[in-house]
Amino acid sequence: MIRVDEDFMTEVGLAEMPTAEKQAFMDHAEEELEVRVGQKISSRLSDEQIDEFSRIQNDNSKTLSWLERNVPDFREIVMQVFQAFKQELAAEHQSILG
């Protein structure tokens, strides 16, 4: 659904990042997005739902259907978090590049 790739890096002004650092940055950015999305979604779930989700989270087909049932607007949440993250990086791109 969301990808941190070369297009993403260009969009946020980080295409100039040295190649040696770029892949590590993209991997870290994807992890950060997963954490932020997870926090946003989990804040809307009961403890029981969080436990249930934890049991199925490694099965993509079950995860998707579970999210569609329990968090019908999860795709919107993902896109909101993604857009906010891109804006944050774009605003800070000069300090990130050094």
# chains A, B, ... in the order shown; residues from 1 in each chain; ligands from 1
>>> residues_around(residues="stretch 6-21 of chain A", least_positions_apart="4", cutoff="9 Å", atoms="only C-alpha atoms", output="PyMOL selection string")
chain A and resi 25-26+86-94+96-97
>>> write_last_selection(atoms="N, CA, C and O atoms", output="compact mmCIF listing (two decimals), in the first residue's frame")
# COMPACT_ATOMS: atom_id res chain seq x y z
N PHE A 25 18.21 4.41 4.98
CA PHE A 25 17.20 5.41 5.33
C PHE A 25 15.81 4.94 4.90
O PHE A 25 14.85 5.07 5.65
N MET A 26 15.71 4.39 3.69
CA MET A 26 14.40 3.93 3.20
C MET A 26 13.87 2.79 4.06
O MET A 26 12.68 2.76 4.39
N LYS A 86 5.48 12.20 4.93
CA LYS A 86 6.14 12.82 3.77
C LYS A 86 6.32 14.31 3.99
O LYS A 86 7.38 14.86 3.69
N GLN A 87 5.31 14.97 4.51
CA GLN A 87 5.41 16.41 4.77
C GLN A 87 6.49 16.70 5.80
O GLN A 87 7.25 17.67 5.67
N GLU A 88 6.56 15.87 6.82
CA GLU A 88 7.56 16.03 7.87
C GLU A 88 8.98 15.91 7.28
O GLU A 88 9.85 16.73 7.55
N LEU A 89 9.19 14.89 6.46
CA LEU A 89 10.51 14.70 5.85
C LEU A 89 10.84 15.82 4.87
O LEU A 89 11.97 16.30 4.83
N ALA A 90 9.86 16.24 4.09
CA ALA A 90 10.09 17.33 3.13
C ALA A 90 10.49 18.61 3.85
O ALA A 90 11.39 19.33 3.40
N ALA A 91 9.86 18.88 4.99
CA ALA A 91 10.18 20.08 5.75
C ALA A 91 11.57 20.02 6.37
O ALA A 91 12.22 21.04 6.56
N GLU A 92 12.04 18.80 6.65
CA GLU A 92 13.32 18.62 7.31
C GLU A 92 14.42 18.11 6.40
O GLU A 92 15.50 17.75 6.86
N HIS A 93 14.16 18.06 5.08
CA HIS A 93 15.11 17.40 4.19
C HIS A 93 16.52 18.00 4.23
O HIS A 93 17.50 17.29 4.15
N GLN A 94 16.61 19.32 4.40
CA GLN A 94 17.94 19.93 4.44
C GLN A 94 18.74 19.46 5.66
O GLN A 94 19.93 19.16 5.55
N ILE A 96 18.26 16.68 7.27
CA ILE A 96 18.52 15.25 7.11
C ILE A 96 19.74 15.03 6.21
O ILE A 96 20.59 14.19 6.50
N LEU A 97 19.83 15.81 5.14
CA LEU A 97 20.95 15.68 4.23
C LEU A 97 22.26 16.21 4.83
O LEU A 97 23.34 15.81 4.41
>>> residues_around(residues="A:Asp51", least_positions_apart="6", cutoff="12 Å", atoms="only C-alpha atoms", output="PyMOL selection string")
chain A and resi 42+45+57
>>> closest_residue(among="A:Ser95, A:Gln23, A:Gln80, A:Ser65", to="A:Asp5", atoms="only C-alpha atoms")
A:Gln23
>>> closest_residue(among="A:Gln83, A:Ser61, A:Ser54, A:Gln39", to="A:Ile2", atoms="only C-alpha atoms")
A:Gln83
>>> select_by_dssp(residues="chain A", states="helix (DSSP H, G or I)", output="PyMOL selection string")
chain A and resi 6-11+19-42+47-56+60-70+74-97
>>> closest_residue(among="A:Arg69, A:His28, A:Lys62, A:Lys40", to="A:Val81", atoms="only C-alpha atoms")
A:Lys40
>>> closest_residue(among="A:Ile41, A:Ala24, A:Gly98, A:Val4", to="A:Glu76", atoms="only C-alpha atoms")
A:Ile41
>>> decode(residues="stretch 17-31 of chain A", atoms="all heavy atoms", output="compact mmCIF listing (two decimals), in the first residue's frame")
# COMPACT_ATOMS: atom_id res chain seq x y z
N MET A 17 20.57 11.99 -1.43
CA MET A 17 21.23 11.27 -0.35
C MET A 17 22.24 10.28 -0.94
O MET A 17 21.95 9.62 -1.94
CB MET A 17 20.19 10.52 0.49
CG MET A 17 20.77 9.82 1.70
SD MET A 17 19.47 9.08 2.73
CE MET A 17 18.85 10.53 3.57
N PRO A 18 23.42 10.19 -0.34
CA PRO A 18 24.41 9.24 -0.84
C PRO A 18 23.85 7.82 -0.89
O PRO A 18 23.12 7.40 0.01
CB PRO A 18 25.55 9.34 0.18
CG PRO A 18 25.38 10.68 0.80
CD PRO A 18 23.90 10.96 0.79
N THR A 19 24.18 7.12 -1.95
CA THR A 19 23.66 5.78 -2.18
C THR A 19 23.88 4.87 -0.99
O THR A 19 23.00 4.08 -0.63
CB THR A 19 24.31 5.16 -3.44
OG1 THR A 19 24.09 6.06 -4.53
CG2 THR A 19 23.72 3.81 -3.77
N ALA A 20 25.03 4.97 -0.37
CA ALA A 20 25.35 4.11 0.77
C ALA A 20 24.38 4.30 1.93
O ALA A 20 24.11 3.38 2.69
CB ALA A 20 26.78 4.37 1.23
N GLU A 21 23.84 5.49 2.07
CA GLU A 21 22.93 5.80 3.17
C GLU A 21 21.47 5.64 2.77
O GLU A 21 20.60 5.43 3.62
CB GLU A 21 23.14 7.24 3.63
CG GLU A 21 24.51 7.52 4.18
CD GLU A 21 24.72 9.00 4.43
OE1 GLU A 21 23.72 9.75 4.58
OE2 GLU A 21 25.88 9.41 4.46
N LYS A 22 21.18 5.76 1.49
CA LYS A 22 19.80 5.83 1.03
C LYS A 22 18.98 4.59 1.37
O LYS A 22 17.87 4.70 1.88
CB LYS A 22 19.76 6.09 -0.48
CG LYS A 22 18.37 6.46 -0.97
CD LYS A 22 18.34 6.70 -2.46
CE LYS A 22 18.97 8.01 -2.80
NZ LYS A 22 18.80 8.36 -4.23
N GLN A 23 19.51 3.40 1.09
CA GLN A 23 18.73 2.18 1.35
C GLN A 23 18.45 2.01 2.84
O GLN A 23 17.36 1.65 3.24
CB GLN A 23 19.43 0.93 0.79
CG GLN A 23 18.56 -0.32 0.86
CD GLN A 23 17.23 -0.17 0.12
OE1 GLN A 23 17.21 0.19 -1.05
NE2 GLN A 23 16.12 -0.43 0.80
N ALA A 24 19.45 2.30 3.67
CA ALA A 24 19.25 2.21 5.12
C ALA A 24 18.18 3.21 5.56
O ALA A 24 17.33 2.88 6.40
CB ALA A 24 20.56 2.46 5.85
N PHE A 25 18.21 4.41 4.98
CA PHE A 25 17.20 5.41 5.33
C PHE A 25 15.81 4.94 4.90
O PHE A 25 14.85 5.07 5.65
CB PHE A 25 17.53 6.76 4.68
CG PHE A 25 16.56 7.84 5.08
CD1 PHE A 25 16.77 8.58 6.21
CD2 PHE A 25 15.42 8.08 4.32
CE1 PHE A 25 15.87 9.56 6.60
CE2 PHE A 25 14.51 9.05 4.70
CZ PHE A 25 14.74 9.80 5.84
N MET A 26 15.71 4.39 3.69
CA MET A 26 14.40 3.93 3.20
C MET A 26 13.87 2.79 4.06
O MET A 26 12.68 2.76 4.39
CB MET A 26 14.50 3.51 1.73
CG MET A 26 14.72 4.69 0.79
SD MET A 26 14.58 4.34 -0.99
CE MET A 26 15.76 3.06 -1.25
N ASP A 27 14.75 1.87 4.47
CA ASP A 27 14.32 0.77 5.34
C ASP A 27 13.83 1.31 6.68
O ASP A 27 12.79 0.90 7.19
CB ASP A 27 15.47 -0.21 5.58
CG ASP A 27 15.86 -0.99 4.33
OD1 ASP A 27 15.06 -1.03 3.36
OD2 ASP A 27 16.98 -1.56 4.32
N HIS A 28 14.57 2.26 7.24
CA HIS A 28 14.18 2.86 8.51
C HIS A 28 12.85 3.62 8.37
O HIS A 28 11.98 3.56 9.25
CB HIS A 28 15.27 3.80 9.02
CG HIS A 28 14.88 4.52 10.27
ND1 HIS A 28 14.81 3.91 11.50
CD2 HIS A 28 14.50 5.81 10.46
CE1 HIS A 28 14.40 4.79 12.39
NE2 HIS A 28 14.21 5.95 11.79
N ALA A 29 12.69 4.32 7.26
CA ALA A 29 11.45 5.08 7.04
C ALA A 29 10.25 4.14 6.96
O ALA A 29 9.18 4.44 7.52
CB ALA A 29 11.56 5.92 5.77
N GLU A 30 10.40 2.99 6.29
CA GLU A 30 9.30 2.03 6.22
C GLU A 30 8.96 1.49 7.61
O GLU A 30 7.78 1.36 7.96
CB GLU A 30 9.63 0.88 5.27
CG GLU A 30 9.43 1.26 3.83
CD GLU A 30 9.44 0.08 2.88
OE1 GLU A 30 9.55 -1.09 3.32
OE2 GLU A 30 9.33 0.34 1.67
N GLU A 31 9.98 1.20 8.40
CA GLU A 31 9.73 0.73 9.77
C GLU A 31 9.02 1.80 10.59
O GLU A 31 8.09 1.51 11.34
CB GLU A 31 11.05 0.36 10.44
CG GLU A 31 11.70 -0.89 9.87
CD GLU A 31 13.09 -1.13 10.41
OE1 GLU A 31 13.49 -0.50 11.42
OE2 GLU A 31 13.81 -1.97 9.83
